[in-house]
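Structure below is query_32.pdb: PDB, C-alpha atoms.
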```pdb
MODEL        1
ATOM      1  CA  MET A   1      18.571 -29.442  22.944
ATOM      2  CA  THR A   2      15.775 -31.984  22.795
ATOM      3  CA  ARG A   3      12.172 -30.825  22.572
ATOM      4  CA  PHE A   4      11.469 -32.410  25.976
ATOM      5  CA  LYS A   5      14.297 -30.416  27.568
ATOM      6  CA  ALA A   6      13.069 -27.247  25.836
ATOM      7  CA  LEU A   7       9.613 -27.849  27.304
ATOM      8  CA  GLU A   8      10.995 -28.479  30.798
ATOM      9  CA  ASN A   9      12.995 -25.233  30.520
ATOM     10  CA  ALA A  10       9.919 -23.301  29.346
ATOM     11  CA  ASP A  11       7.859 -24.645  32.221
ATOM     12  CA  ALA A  12      10.611 -23.791  34.717
ATOM     13  CA  ALA A  13      10.641 -20.237  33.323
ATOM     14  CA  ARG A  14       6.837 -20.082  33.603
ATOM     15  CA  ARG A  15       6.964 -21.170  37.243
ATOM     16  CA  ALA A  16       9.739 -18.653  37.980
ATOM     17  CA  ALA A  17       7.621 -15.916  36.397
ATOM     18  CA  MET A  18       4.705 -16.897  38.659
ATOM     19  CA  VAL A  19       6.900 -16.876  41.787
ATOM     20  CA  ASN A  20       8.472 -13.541  40.825
ATOM     21  CA  ALA A  21       5.110 -12.077  39.706
ATOM     22  CA  ASN A  22       6.711 -11.230  36.375
ATOM     23  CA  LEU A  23       3.491 -10.902  34.432
ATOM     24  CA  ASN A  24       5.101 -10.058  31.084
ATOM     25  CA  ASP A  25       7.207 -13.207  31.140
ATOM     26  CA  LEU A  26       4.306 -15.293  32.408
ATOM     27  CA  ALA A  27       1.978 -13.962  29.712
ATOM     28  CA  SER A  28       4.463 -14.998  27.024
ATOM     29  CA  TYR A  29       4.078 -18.666  28.077
ATOM     30  CA  LEU A  30       0.266 -18.656  28.202
ATOM     31  CA  ASP A  31      -1.878 -18.991  25.095
ATOM     32  CA  GLU A  32      -4.522 -16.297  24.657
ATOM     33  CA  ASP A  33      -7.228 -18.987  24.938
ATOM     34  CA  ILE A  34      -5.683 -20.965  27.813
ATOM     35  CA  HIS A  35      -8.003 -22.982  30.049
ATOM     36  CA  TRP A  36      -6.499 -22.909  33.567
ATOM     37  CA  THR A  37      -8.342 -25.213  35.952
ATOM     38  CA  HIS A  38      -7.353 -24.946  39.597
ATOM     39  CA  SER A  39      -7.489 -27.849  42.055
ATOM     40  CA  SER A  40     -10.730 -26.293  43.355
ATOM     41  CA  GLY A  41     -12.332 -26.945  39.973
ATOM     42  CA  LYS A  42     -12.508 -23.252  39.078
ATOM     43  CA  THR A  43     -11.514 -22.604  35.461
ATOM     44  CA  GLU A  44     -10.320 -19.236  34.243
ATOM     45  CA  GLY A  45      -8.621 -17.706  31.264
ATOM     46  CA  LYS A  46      -5.394 -15.833  30.794
ATOM     47  CA  ALA A  47      -6.622 -12.396  31.879
ATOM     48  CA  ALA A  48      -8.171 -13.678  35.124
ATOM     49  CA  LEU A  49      -5.080 -15.704  36.007
ATOM     50  CA  LEU A  50      -2.786 -12.728  35.429
ATOM     51  CA  ASP A  51      -5.160 -10.415  37.331
ATOM     52  CA  SER A  52      -5.114 -12.686  40.401
ATOM     53  CA  ILE A  53      -1.327 -12.358  40.543
ATOM     54  CA  ARG A  54      -1.327  -8.648  39.661
ATOM     55  CA  SER A  55      -3.819  -7.854  42.422
ATOM     56  CA  GLY A  56      -1.883  -9.851  45.004
ATOM     57  CA  SER A  57      -4.832 -12.101  45.799
ATOM     58  CA  VAL A  58      -2.554 -15.004  44.869
ATOM     59  CA  LEU A  59       1.156 -14.913  45.677
ATOM     60  CA  TYR A  60       3.246 -17.879  44.600
ATOM     61  CA  ARG A  61       6.285 -18.290  46.880
ATOM     62  CA  SER A  62       7.670 -21.521  45.412
ATOM     63  CA  LEU A  63       6.664 -24.027  42.728
ATOM     64  CA  GLU A  64       8.566 -27.261  42.107
ATOM     65  CA  VAL A  65       7.818 -30.166  39.778
ATOM     66  CA  ALA A  66       8.473 -33.819  40.629
ATOM     67  CA  GLU A  67       7.863 -37.025  38.687
ATOM     68  CA  PRO A  68       7.591 -35.272  35.313
ATOM     69  CA  HIS A  69       6.251 -37.161  32.326
ATOM     70  CA  ILE A  70       6.128 -35.739  28.806
ATOM     71  CA  SER A  71       4.591 -37.201  25.676
ATOM     72  CA  GLN A  72       4.782 -35.643  22.217
ATOM     73  CA  HIS A  73       2.098 -35.536  19.554
ATOM     74  CA  ASP A  74       3.572 -33.590  16.637
ATOM     75  CA  LYS A  75       3.915 -30.033  18.010
ATOM     76  CA  LEU A  76       1.635 -30.685  20.995
ATOM     77  CA  PHE A  77       3.041 -31.966  24.265
ATOM     78  CA  ILE A  78       1.302 -33.378  27.311
ATOM     79  CA  TYR A  79       3.291 -32.610  30.439
ATOM     80  CA  SER A  80       2.231 -34.090  33.764
ATOM     81  CA  GLY A  81       3.626 -34.698  37.205
ATOM     82  CA  ILE A  82       3.389 -33.422  40.763
ATOM     83  CA  ILE A  83       3.607 -29.733  41.594
ATOM     84  CA  SER A  84       4.463 -28.644  45.120
ATOM     85  CA  GLY A  85       4.849 -25.185  46.506
ATOM     86  CA  ASP A  86       3.954 -22.432  48.888
ATOM     87  CA  VAL A  87       1.166 -20.020  48.015
ATOM     88  CA  ILE A  88      -0.603 -17.187  49.790
ATOM     89  CA  LYS A  89      -4.206 -16.939  48.651
ATOM     90  CA  ASN A  90      -6.306 -14.071  49.951
ATOM     91  CA  GLY A  91      -3.853 -13.668  52.838
ATOM     92  CA  ALA A  92      -3.888 -17.335  53.888
ATOM     93  CA  GLU A  93      -0.774 -19.475  53.527
ATOM     94  CA  LYS A  94      -1.285 -22.732  51.680
ATOM     95  CA  LYS A  95       0.923 -25.693  50.824
ATOM     96  CA  LEU A  96       0.359 -27.090  47.348
ATOM     97  CA  ARG A  97       0.805 -30.734  46.498
ATOM     98  CA  ASN A  98      -1.138 -31.433  43.358
ATOM     99  CA  LYS A  99      -0.995 -33.754  40.413
ATOM    100  CA  PHE A 100      -1.095 -31.716  37.223
ATOM    101  CA  LEU A 101      -1.592 -32.136  33.513
ATOM    102  CA  SER A 102      -0.706 -29.409  31.060
ATOM    103  CA  VAL A 103      -0.878 -29.170  27.288
ATOM    104  CA  TRP A 104       1.778 -27.202  25.444
ATOM    105  CA  TYR A 105       2.444 -26.159  21.853
ATOM    106  CA  LEU A 106       6.138 -26.145  21.028
ATOM    107  CA  ASP A 107       7.970 -25.284  17.831
ATOM    108  CA  ASP A 108      11.408 -23.891  17.028
ATOM    109  CA  THR A 109      10.485 -20.366  18.124
ATOM    110  CA  LYS A 110       8.120 -20.648  21.080
ATOM    111  CA  ALA A 111       6.583 -22.762  23.816
ATOM    112  CA  VAL A 112       3.026 -21.867  24.816
ATOM    113  CA  MET A 113       0.770 -23.526  27.396
ATOM    114  CA  LEU A 114      -2.724 -24.242  26.084
ATOM    115  CA  ALA A 115      -4.266 -25.872  29.170
ATOM    116  CA  TRP A 116      -3.571 -26.633  32.822
ATOM    117  CA  GLN A 117      -5.452 -28.784  35.294
ATOM    118  CA  SER A 118      -4.421 -29.759  38.797
ATOM    119  CA  THR A 119      -5.901 -32.001  41.452
ATOM    120  CA  GLY A 120      -4.919 -31.967  45.101
ATOM    121  CA  PHE A 121      -3.999 -35.214  46.820
TER     122      PHE A 121
ENDMDL
END
```

Take the structure in this file and express it as structure tokens.
Amino acid sequence: MTRFKALENADAARRAAMVNANLNDLASYLDEDIHWTHSSGKTEGKAALLDSIRSGSVLYRSLEVAEPHISQHDKLFIYSGIISGDVIKNGAEKKLRNKFLSVWYLDDTKAVMLAWQSTGF
């Protein structure tokens, strides 16, 4: 399997963990020092992101990636594209359609997201 395919598979598993609120699986794909910047501009770390899902304040119903682009820089990967999905935030339904950029570390044993940023359009 190519490294790009391994990264796409890891990101698909991360999105599935978010949709299924499987916090243990999700946590395994997020670096302890992740910087997660939402389309609103709010940046939070791993604990806050997991807490928002755990508490039910954010419920991801679907998350799909289109127009993916991956570039490799040794064991760091920049993964970008368009993410679309259905989310319920604080009880309000929301349609996502954002451009995203994520930074991943990938080696033979693990794939971990270091940063995420999305911008609505």

Distance of atom CA of A:Ile34 from atom CA of A:Ser84, expressed in Å to one decimal place: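 Atom CA of A:Ile34 lies at a distance of 21.5 Å from atom CA of A:Ser84.
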
Quick one: residues within 9 Å of (-3.8, -27.8, 40.9) (file frame), counting all atoms listed in the file, please, as a list in words. Thr37, His38, Ser39, Ser40, Gly41, Ile83, Leu96, Arg97, Asn98, Lys99, Phe100, Leu101, Trp116, Gln117, Ser118, Thr119 and Gly120 of chain A

Residues matched by the PyMOL selection byres ((chain A and resi 76) around 7) as a PyMOL selection string: chain A and resi 72-75+77-78+103-106

Nearest to A:Ala47, restricted to only C-alpha atoms and choosing among A:Ala6, A:Ala66, A:Ala92, A:Leu23, comes out as A:Leu23

Between atom CA of A:Asp25 and atom CA of A:Ala115, what is the distance, to one decimal in Å?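 A separation of 17.2 Å between them.
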
Step by step, gather every atom of stretch 31-42 of chain A that the file lists, find the box along x, y and z that holds them, add 4 Å on each side, and finally give centre and edge lengths in Å to one decimal, as JSON.
```
{"center_x": -7.2, "center_y": -22.1, "center_z": 34.0, "size_x": 18.6, "size_y": 19.6, "size_z": 26.7}
```

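The two atoms in question, atom CA of A:Arg3 and atom CA of A:Val65, are spaced 17.8 Å apart.
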
Taking the file as shown, find all residues satisfying the PyMOL selection byres ((chain A and resi 88) around 12) and write them as a ChimeraX atom specification. /A:19,52-53,56-62,85-87,89-96

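Each of A:Glu44, A:Asp51, A:Asp11, A:Asp31 was compared to A:Val112 using only C-alpha atoms, and A:Asp31 turns out to be the nearest.
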
Write out as a list of chain:residue names which residues come within 8 Å of stretch 107-111 of chain A when counting only C-alpha atoms, dropping same-chain ones fewer than 5 positions away.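 Counting only the stated atoms, we get A:Leu7, A:Ala10, A:Tyr29, A:Lys75.
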
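Nearest residue to A:Ala17, choosing from A:Asp33, A:Ile82, A:Leu63, A:Thr43 and counting all atoms listed in the file: A:Leu63.
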
Pick out the residues sitting within 6 Å of A:Tyr79, and hand them over as a PyMOL selection string; count only C-alpha atoms, and ignore anything fewer than 6 positions along from it in its own chain. chain A and resi 69-70+101-102

Name the closest residue to A:Glu64 among the candidates A:Leu49, A:Ala27, A:Ala16, A:Met113; distances are taken between atoms, counting all atoms listed in the file.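 Among A:Leu49, A:Ala27, A:Ala16, A:Met113, it is A:Ala16 that comes nearest to A:Glu64.
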